[in-house]
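Colleague: Okay, so here is entry.txt, and as you'll see once you scroll down, it has compact mmCIF, C-alpha atoms.
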```
# COMPACT_ATOMS: atom_id res chain seq x y z
CA MET L 669 147.75 89.92 147.63
CA PRO L 670 150.35 89.60 144.96
CA SER L 671 151.29 86.39 143.29
CA THR L 672 148.78 84.16 144.99
CA LYS L 673 148.24 81.13 142.87
CA GLN L 674 144.63 80.16 142.86
CA PRO L 675 144.44 76.44 143.43
CA SER L 676 141.27 76.08 141.36
CA GLU L 677 142.45 78.09 138.39
CA PRO L 678 140.33 76.98 135.43
CA VAL L 679 142.32 75.13 132.87
CA PRO L 680 142.00 76.66 129.42
CA PRO L 681 140.05 74.15 127.37
CA GLU L 682 142.17 74.57 124.26
CA GLN L 683 145.34 73.26 125.71
CA ASN L 684 146.24 70.28 123.73
CA PRO L 685 148.12 67.88 126.00
CA PRO L 686 147.88 64.95 123.56
CA ALA L 687 150.61 66.61 121.53
CA GLN L 688 152.98 65.78 124.32
CA ASN L 689 151.33 62.51 125.21
CA PRO L 690 152.81 59.71 123.15
CA ALA L 691 150.01 57.31 124.02
CA ALA L 692 147.39 59.45 122.34
CA GLN L 693 149.29 60.35 119.23
CA ASN L 694 147.94 57.62 117.10
CA ALA L 695 144.37 58.26 118.11
CA PRO L 696 143.52 61.81 117.12
CA ALA L 697 139.81 61.22 117.68
CA GLN L 698 140.49 60.94 121.38
CA ASN L 699 141.62 64.52 121.50
CA HIS L 700 138.23 66.02 121.03
CA PRO L 701 136.16 65.41 124.16
CA ALA L 702 138.67 67.34 126.20
CA GLN L 703 137.96 70.49 124.27
CA ALA L 704 134.22 70.51 124.78
CA THR L 705 134.06 73.20 127.40
CA ALA L 706 133.47 76.56 125.76
CA SER L 707 129.81 77.13 126.31
CA ARG L 708 127.63 79.15 124.02
CA GLY L 709 123.99 78.48 123.19
CA LYS L 710 122.05 75.35 124.05
CA ALA L 711 124.50 72.99 122.49
CA VAL L 712 128.06 73.78 121.68
CA ARG L 713 130.59 72.53 119.25
CA PRO L 714 134.00 71.68 120.47
CA ARG L 715 136.57 73.98 119.03
CA VAL L 716 138.19 72.54 115.98
CA ALA L 717 141.21 70.65 117.22
CA GLY L 718 143.56 67.88 116.31
CA VAL L 719 143.39 66.48 112.84
CA GLY L 720 140.31 68.63 112.16
CA ARG L 721 142.62 71.63 111.91
CA VAL L 722 144.45 70.00 109.04
CA LEU L 723 141.10 69.41 107.35
CA VAL L 724 140.25 73.10 107.74
CA VAL L 725 143.58 74.09 106.19
CA ILE L 726 143.07 71.80 103.19
CA TYR L 727 139.59 73.24 102.77
CA ALA L 728 141.03 76.75 102.91
CA ILE L 729 143.63 75.91 100.25
CA LEU L 730 140.96 74.43 98.00
CA ALA L 731 138.73 77.45 98.59
CA LEU L 732 141.64 79.70 97.61
CA GLY L 733 142.31 77.63 94.50
CA ALA L 734 138.68 77.52 93.41
CA PHE L 735 138.29 81.23 94.05
CA GLY L 736 141.42 82.10 92.11
CA ARG L 737 140.43 79.98 89.15
CA SER L 738 136.88 81.31 88.94
CA PHE L 739 138.16 84.87 89.32
CA VAL L 740 140.42 84.41 86.29
CA GLN L 741 137.75 82.62 84.26
CA ILE L 742 135.09 85.23 84.89
CA THR L 743 137.30 88.26 84.31
CA GLU L 744 138.87 86.90 81.14
CA GLN L 745 136.50 84.66 79.27
CA PHE L 746 133.10 84.40 80.90
CA SER L 747 131.20 84.40 77.61
CA GLU L 748 132.99 81.29 76.37
CA ALA L 749 131.40 78.95 78.84
CA PRO L 750 128.89 80.66 81.12
CA LEU L 751 127.63 77.40 82.64
CA ALA L 752 131.02 76.02 83.59
CA TYR L 753 132.26 79.36 84.88
CA THR L 754 129.13 80.10 86.89
CA LEU L 755 129.57 76.68 88.43
CA SER L 756 133.20 77.49 89.18
CA ALA L 757 132.14 80.62 91.01
CA ILE L 758 129.43 78.78 92.94
CA SER L 759 131.84 76.05 93.95
CA ALA L 760 134.35 78.65 95.10
CA VAL L 761 131.73 80.32 97.30
CA VAL L 762 130.62 76.96 98.70
CA TYR L 763 134.18 76.00 99.58
CA ILE L 764 134.70 79.31 101.33
CA VAL L 765 131.45 78.93 103.31
CA ALA L 766 132.32 75.33 104.18
CA THR L 767 135.72 76.42 105.47
CA ILE L 768 134.10 79.03 107.69
CA ALA L 769 131.38 76.62 108.81
CA LEU L 770 133.94 74.05 109.92
CA VAL L 771 135.60 76.60 112.17
CA ALA L 772 132.67 78.67 113.40
CA HIS L 773 130.84 78.06 116.65
CA GLY L 774 127.25 77.04 117.06
CA THR L 775 124.84 74.41 115.89
CA ILE L 776 123.69 76.54 112.97
CA TRP L 777 127.18 76.55 111.54
CA TYR L 778 127.31 72.82 112.13
CA ARG L 779 124.25 72.43 109.89
CA ILE L 780 125.69 74.84 107.34
CA ALA L 781 128.84 72.71 107.29
CA TRP L 782 126.75 69.63 106.55
CA VAL L 783 124.80 71.41 103.81
CA THR L 784 127.84 72.86 102.08
CA ILE L 785 129.89 69.68 102.31
CA SER L 786 126.98 67.60 101.00
CA PHE L 787 126.61 70.10 98.17
CA GLU L 788 130.27 69.64 97.33
CA MET L 789 129.91 65.87 97.35
CA LEU L 790 126.89 66.12 95.06
CA GLY L 791 128.63 68.67 92.86
CA VAL L 792 131.76 66.63 92.33
CA LEU L 793 129.75 63.49 91.58
CA VAL L 794 127.22 65.13 89.22
CA VAL L 795 129.64 67.43 87.41
CA GLY L 796 132.30 64.74 87.32
CA THR L 797 129.91 62.31 85.69
CA LEU L 798 128.50 64.93 83.30
CA SER L 799 131.97 66.00 82.21
CA ILE L 800 132.62 62.44 81.13
CA ILE L 801 129.30 61.59 79.46
CA GLN L 802 128.55 65.11 78.13
CA PRO L 803 131.97 66.70 77.71
CA GLU L 804 130.64 69.50 75.48
CA LEU L 805 128.82 70.98 78.49
CA PHE L 806 132.04 71.25 80.44
CA ALA L 807 134.66 71.84 77.79
CA HIS L 808 136.09 74.43 80.13
CA ALA L 809 137.44 73.09 83.35
CA THR L 810 135.82 73.57 86.73
CA VAL L 811 137.03 72.35 90.10
CA TRP L 812 134.68 69.40 89.76
CA SER L 813 135.32 68.35 86.15
CA TYR L 814 136.47 64.75 85.83
CA TYR L 815 135.95 64.26 89.56
CA GLY L 816 138.46 66.97 90.34
CA ASN L 817 141.46 65.36 88.67
CA GLY L 818 142.92 68.81 87.95
CA TYR L 819 143.13 69.20 91.73
CA LEU L 820 144.61 65.74 92.39
CA PHE L 821 141.11 64.43 93.21
CA VAL L 822 141.15 66.44 96.41
CA PRO L 823 137.60 67.72 95.70
CA LEU L 824 136.40 64.11 95.60
CA VAL L 825 138.11 62.97 98.79
CA LEU L 826 137.66 66.06 100.91
CA PRO L 827 133.85 66.00 101.33
CA VAL L 828 134.05 62.40 102.50
CA LEU L 829 136.69 63.29 105.10
CA GLY L 830 134.63 66.35 106.04
CA MET L 831 131.50 64.26 106.60
CA ILE L 832 133.40 61.70 108.68
CA TRP L 833 134.85 64.49 110.74
CA LEU L 834 131.48 66.21 111.23
CA SER L 835 129.74 63.00 112.26
CA LYS L 836 132.45 62.35 114.83
CA ASN L 837 132.29 65.87 116.18
CA LYS L 838 128.65 66.57 116.84
CA PRO L 839 127.62 69.56 118.93
CA VAL L 840 127.58 68.61 122.59
CA PRO L 841 124.42 69.33 124.62
CA VAL L 842 125.05 71.73 127.46
CA SER L 843 123.83 69.26 130.09
CA ASN L 844 126.78 67.05 129.28
CA GLN L 845 129.17 69.88 129.79
CA PRO L 846 131.52 70.26 132.68
CA VAL L 847 130.83 73.40 134.71
CA PRO L 848 131.78 76.17 132.31
CA ALA L 849 134.80 78.19 133.13
CA SER L 850 133.92 81.65 134.39
CA THR L 851 135.97 83.39 131.75
CA GLU L 852 135.94 82.88 128.06
CA PRO L 853 139.26 81.71 126.75
CA SER L 854 141.02 84.70 125.30
CA ASN L 855 141.97 82.94 122.13
CA SER L 856 142.55 79.55 120.67
CA MET R 80 160.28 81.54 85.13
CA ILE R 81 163.59 79.75 84.88
CA VAL R 82 163.00 76.06 84.35
CA TRP R 83 165.83 74.63 86.43
CA PHE R 84 165.07 77.05 89.24
CA SER R 85 161.45 75.89 89.24
CA TYR R 86 162.52 72.28 89.52
CA VAL R 87 164.88 73.09 92.38
CA GLN R 88 162.00 74.89 94.03
CA ILE R 89 159.59 71.99 93.54
CA SER R 90 162.15 69.57 94.96
CA VAL R 91 162.78 71.75 97.99
CA ALA R 92 159.03 72.13 98.57
CA VAL R 93 158.44 68.36 98.33
CA LEU R 94 161.33 67.62 100.69
CA ALA R 95 160.25 70.31 103.14
CA GLY R 96 156.67 69.03 102.97
CA ALA R 97 157.67 65.42 103.60
CA PHE R 98 160.01 66.52 106.41
CA CYS R 99 157.22 68.50 108.12
CA LEU R 100 154.67 65.71 107.68
CA ILE R 101 157.04 63.15 109.20
CA ASN R 102 157.81 65.48 112.08
CA GLY R 103 154.14 66.23 112.58
CA PHE R 104 152.94 62.64 112.53
CA THR R 105 155.67 61.63 114.95
CA GLY R 106 154.27 64.16 117.37
CA ARG R 107 156.66 67.09 117.19
CA THR R 108 155.31 70.57 117.70
CA PRO R 109 156.55 73.22 115.23
CA ASN R 110 160.25 73.83 115.80
CA ASP R 111 163.05 75.79 114.18
CA PHE R 112 163.67 73.06 111.63
CA THR R 113 160.13 72.64 110.36
CA LEU R 114 159.45 76.38 110.49
CA GLY R 115 162.79 77.01 108.81
CA ALA R 116 162.05 74.55 106.02
CA THR R 117 158.73 76.31 105.37
CA ALA R 118 160.46 79.68 105.50
CA LEU R 119 162.97 78.44 102.92
CA VAL R 120 160.07 77.50 100.63
CA GLU R 121 158.68 81.00 101.07
CA VAL R 122 162.05 82.64 100.34
CA LEU R 123 162.38 80.64 97.12
CA LEU R 124 158.86 81.75 96.16
CA ILE R 125 159.79 85.38 96.66
CA ALA R 126 162.86 84.79 94.47
CA GLN R 127 160.60 83.17 91.88
CA PHE R 128 158.26 86.16 92.03
CA ILE R 129 161.15 88.53 91.33
CA VAL R 130 162.36 86.27 88.52
CA ALA R 131 158.86 86.30 87.02
CA LEU R 132 158.75 90.09 87.15
CA ILE R 133 162.12 90.48 85.43
CA ALA R 134 162.11 87.53 83.00
CA PRO R 135 159.81 89.07 80.32
CA ALA R 136 162.21 92.01 79.99
CA ALA R 137 165.08 89.55 79.58
CA GLY R 138 163.45 87.81 76.63
CA ASN R 139 161.64 85.07 78.51
CA PRO R 140 157.94 86.02 78.37
CA PRO R 141 155.16 83.77 79.66
CA LEU R 142 153.43 81.76 76.93
CA GLY R 143 150.32 81.08 78.93
CA ASP R 144 147.88 83.38 80.63
CA VAL R 145 149.54 86.10 82.69
CA LEU R 146 146.59 86.72 85.02
CA THR R 147 146.31 83.02 85.85
CA PHE R 148 150.01 82.94 86.53
CA TYR R 149 149.87 85.81 88.96
CA VAL R 150 146.79 84.47 90.75
CA TYR R 151 148.83 81.32 91.41
CA MET R 152 151.86 83.39 92.35
CA ILE R 153 150.05 85.55 94.90
CA SER R 154 148.16 82.58 96.38
CA ALA R 155 151.42 80.67 96.65
CA LEU R 156 153.15 83.57 98.38
CA LEU R 157 150.37 83.73 100.97
CA LEU R 158 150.30 80.02 101.82
CA PRO R 159 153.60 79.31 103.64
CA ALA R 160 153.38 82.65 105.40
CA ALA R 161 149.91 81.79 106.66
CA ALA R 162 151.03 78.30 107.68
CA VAL R 163 153.98 79.68 109.67
CA PHE R 164 151.70 82.24 111.31
CA TRP R 165 149.29 79.42 112.22
CA ALA R 166 152.15 77.32 113.60
CA LEU R 167 153.31 80.16 115.83
CA ILE R 168 149.84 80.50 117.35
CA ASP R 169 148.76 76.87 117.60
CA ARG R 170 151.59 74.94 119.21
CA SER R 171 150.35 71.45 118.50
CA LYS R 172 151.73 68.67 116.36
CA TRP R 173 148.94 69.28 113.86
CA SER R 174 150.48 72.65 113.07
CA THR R 175 153.58 70.81 111.90
CA VAL R 176 151.32 68.73 109.66
CA VAL R 177 149.78 71.97 108.41
CA LEU R 178 153.27 73.24 107.51
CA GLY R 179 153.82 70.05 105.51
CA VAL R 180 150.48 70.37 103.71
CA ALA R 181 151.29 73.97 102.79
CA CYS R 182 154.73 73.00 101.41
CA LEU R 183 153.26 70.19 99.30
CA ALA R 184 150.56 72.52 97.99
CA ILE R 185 153.34 74.93 96.96
CA ALA R 186 155.07 72.13 95.06
CA VAL R 187 151.89 71.50 93.05
CA MET R 188 151.30 75.20 92.49
CA VAL R 189 154.85 75.84 91.25
CA PHE R 190 154.49 72.90 88.88
CA ARG R 191 151.31 74.49 87.52
CA MET R 192 152.94 77.90 87.29
CA ASN R 193 155.75 76.34 85.32
CA GLU R 194 153.24 74.82 82.91
CA ILE R 195 151.43 78.11 82.51
CA TRP R 196 154.67 79.92 81.81
CA LEU R 197 156.08 77.42 79.34
CA VAL R 198 153.03 76.06 77.52
CA GLN R 199 150.23 78.02 75.99
CA ASN R 200 146.70 77.38 77.25
CA VAL R 201 147.28 74.57 79.66
```
If you took the structure in this file and wrote it as structure tokens, what would it be?

Modeller:
Amino acid sequence: MPSTKQPSEPVPPEQNPPAQNPAAQNAPAQNHPAQATASRGKAVRPRVAGVGRVLVVIYAILALGAFGRSFVQITEQFSEAPLAYTLSAISAVVYIVATIALVAHGTIWYRIAWVTISFEMLGVLVVGTLSIIQPELFAHATVWSYYGNGYLFVPLVLPVLGMIWLSKNKPVPVSNQPVPASTEPSNS
Amino acid sequence: MIVWFSYVQISVAVLAGAFCLINGFTGRTPNDFTLGATALVEVLLIAQFIVALIAPAAGNPPLGDVLTFYVYMISALLLPAAAVFWALIDRSKWSTVVLGVACLAIAVMVFRMNEIWLVQNV
């Protein structure tokens, strides 16, 4: 039967009506429960939505920046400051993993996101402090030197925002889920 | 790099970024204006890339590190393109905010590229 509209057509979970809903615009946190339908595993994470997407983009930009810098440092002058440059490379990898972990599905990735973001927080605090009290150790800049002032202090602020976001967007147990749609959404 | 052109570019990127952020936070989904502003930033970057390729032959070589400069250049070229791509897929107001974030990041990156070009070992 052509063109029969099914009355109970499942609504794709990713549709983001708050964008058109002026009442919800100032409360991005309210957007999230609506997206908690894609079901995978025993507990699922809502797809990254709302302001979380901006967070992911800023993480991606920082990952790109850290990666670019450490690539240049290691190819050109690794022997000058092996400690600082190894740290640069590690921080670049951690930012890349954190970016992926924020987006990826599953509770494991949720934990990885916590681990990597905590590592960043620790890194920026420890290296930032060391670069001030022991500048000779970090004569060559890393993302985290001087609390990330070479990156407009984004490395200092971002882990905090990331942690707030993660704690507000915990994986949802399946029992709390609405009946899952029969088809996986084709994309986001 | 040509100094005045860089400053024009930074100004355009800041204005485009602020414009997209305002549009995004007031709830507009990506439209021709915000996408166009980001596209303009990208076009200026491509022009800057061509300028950077030609300038050394015209007696305006970079004083700082060439590899660093081009890592910034390539990253910068990717950013607005990726943001526009994102905005075409995800039609939410946050994509407009993403466009703004990308434009502002470009402003910072061009400022750094300018420093690398003009000053040794920044």

Colleague: Hey, list the chain R side of the contact with chain L: 12 Å cut-off, all atoms listed in the file, answer as a ChimeraX atom specification.

Modeller: /R:100,102-109,144-155,157-159,161-162,165-185,187-188,191,200-201

Colleague: As an exercise, work out the distance from CA of Phe112 in chain R to CA of Leu94 in chain R in Å and give it to one decimal place.

Modeller: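 Rounded to one decimal, the two atoms are 12.4 Å apart.
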
Colleague: Of the residues R:Ala186, R:Ile81, R:Ile125, R:Val198, which is the one nearest to Gly96 in chain R, using only C-alpha atoms?

Modeller: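 Residue with the minimum atom-to-atom distance to Gly96 in chain R: R:Ala186.
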
Colleague: For CA of Leu132 in chain R and CA of Phe84 in chain R, determine how far apart the two atoms are, in Å to one decimal place.

Modeller: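 Going from CA of Leu132 in chain R over to CA of Phe84 in chain R, I get 14.6 Å.
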
Colleague: Quick one: of L:Lys836, L:Tyr778, L:Ala772, L:Trp812, who's nearest to Ile758 in chain L, counting all atoms listed in the file?

Modeller: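 Distance minimum relative to Ile758 in chain L lands on L:Trp812.
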
Colleague: Pick out the closest residue to Ala781 in chain L from this set: L:Leu793, L:Ala766, L:Leu798, L:Val840. Count only C-alpha atoms.

Modeller: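 Among L:Leu793, L:Ala766, L:Leu798, L:Val840, it is L:Ala766 that comes nearest to Ala781 in chain L.
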
Colleague: Which residue out of R:Leu142, R:Leu114, R:Val120, R:Ala136 has the minimum interatomic distance to Leu156 in chain R when only C-alpha atoms are used?

Modeller: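 Going through R:Leu142, R:Leu114, R:Val120, R:Ala136 one by one, the smallest distance to Leu156 in chain R is for R:Val120.
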
Colleague: Just to confirm, what's the straight-line distance from CA of Pro839 in chain L to CA of Val783 in chain L in Å (one decimal)?

Modeller: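 Atom-to-atom, CA of Pro839 in chain L to CA of Val783 in chain L, that is 15.5 Å.
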
Colleague: For each of R:Ala137, R:Asp111, R:Ala131, R:Val91, take the minimum atom-to-atom distance to Asn193 in chain R, counting all atoms listed in the file, then give the residue where this is smallest.

Modeller: R:Ala131

Colleague: From the set R:Phe164, R:Pro141, R:Leu197, R:Gln88, which residue has the shortest atom-to-atom contact distance to Leu124 in chain R, counting all atoms listed in the file?

Modeller: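 For Leu124 in chain R, the nearest of the given residues is R:Gln88.
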
Colleague: Leaving out Ile780 in chain L and any residue of its chain fewer than 6 positions from it, which residues lie within 9 Å of it when counting only C-alpha atoms, given as a ChimeraX atom specification?

Modeller: /L:765-766,769-770

Colleague: May I ask you to restore N, CA, C and O atoms in range 118-140 of chain R and write the result as an mmCIF file, in the coordinates of the input?

Modeller:
```cif
data_model
loop_
_atom_site.group_PDB
_atom_site.id
_atom_site.type_symbol
_atom_site.label_atom_id
_atom_site.label_comp_id
_atom_site.auth_asym_id
_atom_site.auth_seq_id
_atom_site.Cartn_x
_atom_site.Cartn_y
_atom_site.Cartn_z
ATOM 1 N N ALA R 118 159.971 78.338 105.815
ATOM 2 C CA ALA R 118 160.460 79.680 105.500
ATOM 3 C C ALA R 118 161.336 79.642 104.242
ATOM 4 O O ALA R 118 161.265 80.545 103.398
ATOM 5 N N LEU R 119 162.135 78.582 104.115
ATOM 6 C CA LEU R 119 162.970 78.440 102.920
ATOM 7 C C LEU R 119 162.099 78.361 101.658
ATOM 8 O O LEU R 119 162.396 78.992 100.637
ATOM 9 N N VAL R 120 160.997 77.592 101.755
ATOM 10 C CA VAL R 120 160.070 77.500 100.630
ATOM 11 C C VAL R 120 159.534 78.874 100.269
ATOM 12 O O VAL R 120 159.452 79.253 99.097
ATOM 13 N N GLU R 121 159.214 79.659 101.298
ATOM 14 C CA GLU R 121 158.680 81.000 101.070
ATOM 15 C C GLU R 121 159.739 81.908 100.419
ATOM 16 O O GLU R 121 159.434 82.653 99.486
ATOM 17 N N VAL R 122 160.972 81.807 100.894
ATOM 18 C CA VAL R 122 162.050 82.640 100.340
ATOM 19 C C VAL R 122 162.242 82.313 98.852
ATOM 20 O O VAL R 122 162.364 83.222 98.014
ATOM 21 N N LEU R 123 162.236 81.026 98.523
ATOM 22 C CA LEU R 123 162.380 80.640 97.120
ATOM 23 C C LEU R 123 161.218 81.167 96.287
ATOM 24 O O LEU R 123 161.392 81.560 95.133
ATOM 25 N N LEU R 124 160.023 81.202 96.882
ATOM 26 C CA LEU R 124 158.860 81.750 96.160
ATOM 27 C C LEU R 124 159.044 83.228 95.879
ATOM 28 O O LEU R 124 158.711 83.712 94.791
ATOM 29 N N ILE R 125 159.561 83.940 96.867
ATOM 30 C CA ILE R 125 159.790 85.380 96.660
ATOM 31 C C ILE R 125 160.810 85.563 95.535
ATOM 32 O O ILE R 125 160.636 86.415 94.660
ATOM 33 N N ALA R 126 161.864 84.732 95.551
ATOM 34 C CA ALA R 126 162.860 84.790 94.470
ATOM 35 C C ALA R 126 162.176 84.514 93.129
ATOM 36 O O ALA R 126 162.420 85.213 92.133
ATOM 37 N N GLN R 127 161.315 83.514 93.102
ATOM 38 C CA GLN R 127 160.600 83.170 91.880
ATOM 39 C C GLN R 127 159.721 84.332 91.396
ATOM 40 O O GLN R 127 159.630 84.603 90.197
ATOM 41 N N PHE R 128 159.104 85.015 92.344
ATOM 42 C CA PHE R 128 158.260 86.160 92.030
ATOM 43 C C PHE R 128 159.105 87.246 91.354
ATOM 44 O O PHE R 128 158.718 87.802 90.314
ATOM 45 N N ILE R 129 160.276 87.507 91.917
ATOM 46 C CA ILE R 129 161.150 88.530 91.330
ATOM 47 C C ILE R 129 161.612 88.094 89.940
ATOM 48 O O ILE R 129 161.603 88.881 88.991
ATOM 49 N N VAL R 130 161.961 86.798 89.827
ATOM 50 C CA VAL R 130 162.360 86.270 88.520
ATOM 51 C C VAL R 130 161.234 86.483 87.503
ATOM 52 O O VAL R 130 161.468 86.942 86.374
ATOM 53 N N ALA R 131 159.995 86.181 87.929
ATOM 54 C CA ALA R 131 158.860 86.300 87.020
ATOM 55 C C ALA R 131 158.633 87.746 86.592
ATOM 56 O O ALA R 131 158.218 88.022 85.468
ATOM 57 N N LEU R 132 158.937 88.682 87.497
ATOM 58 C CA LEU R 132 158.750 90.090 87.150
ATOM 59 C C LEU R 132 159.803 90.547 86.141
ATOM 60 O O LEU R 132 159.523 91.357 85.255
ATOM 61 N N ILE R 133 161.019 90.003 86.271
ATOM 62 C CA ILE R 133 162.120 90.480 85.430
ATOM 63 C C ILE R 133 162.206 89.718 84.108
ATOM 64 O O ILE R 133 162.529 90.295 83.063
ATOM 65 N N ALA R 134 161.872 88.403 84.152
ATOM 66 C CA ALA R 134 162.110 87.530 83.000
ATOM 67 C C ALA R 134 161.555 88.065 81.666
ATOM 68 O O ALA R 134 162.256 87.972 80.644
ATOM 69 N N PRO R 135 160.312 88.609 81.626
ATOM 70 C CA PRO R 135 159.810 89.070 80.320
ATOM 71 C C PRO R 135 160.721 90.125 79.686
ATOM 72 O O PRO R 135 160.927 90.130 78.478
ATOM 73 N N ALA R 136 161.308 90.994 80.520
ATOM 74 C CA ALA R 136 162.210 92.010 79.990
ATOM 75 C C ALA R 136 163.506 91.402 79.497
ATOM 76 O O ALA R 136 164.201 91.987 78.672
ATOM 77 N N ALA R 137 163.832 90.209 79.990
ATOM 78 C CA ALA R 137 165.080 89.550 79.580
ATOM 79 C C ALA R 137 164.829 88.534 78.477
ATOM 80 O O ALA R 137 165.618 87.622 78.275
ATOM 81 N N GLY R 138 163.708 88.677 77.779
ATOM 82 C CA GLY R 138 163.450 87.810 76.630
ATOM 83 C C GLY R 138 162.908 86.446 76.984
ATOM 84 O O GLY R 138 163.109 85.489 76.248
ATOM 85 N N ASN R 139 162.213 86.340 78.102
ATOM 86 C CA ASN R 139 161.640 85.070 78.510
ATOM 87 C C ASN R 139 160.191 85.304 78.958
ATOM 88 O O ASN R 139 159.869 85.219 80.136
ATOM 89 N N PRO R 140 159.315 85.665 77.996
ATOM 90 C CA PRO R 140 157.940 86.020 78.370
ATOM 91 C C PRO R 140 157.112 84.764 78.637
ATOM 92 O O PRO R 140 157.417 83.694 78.122
#
```
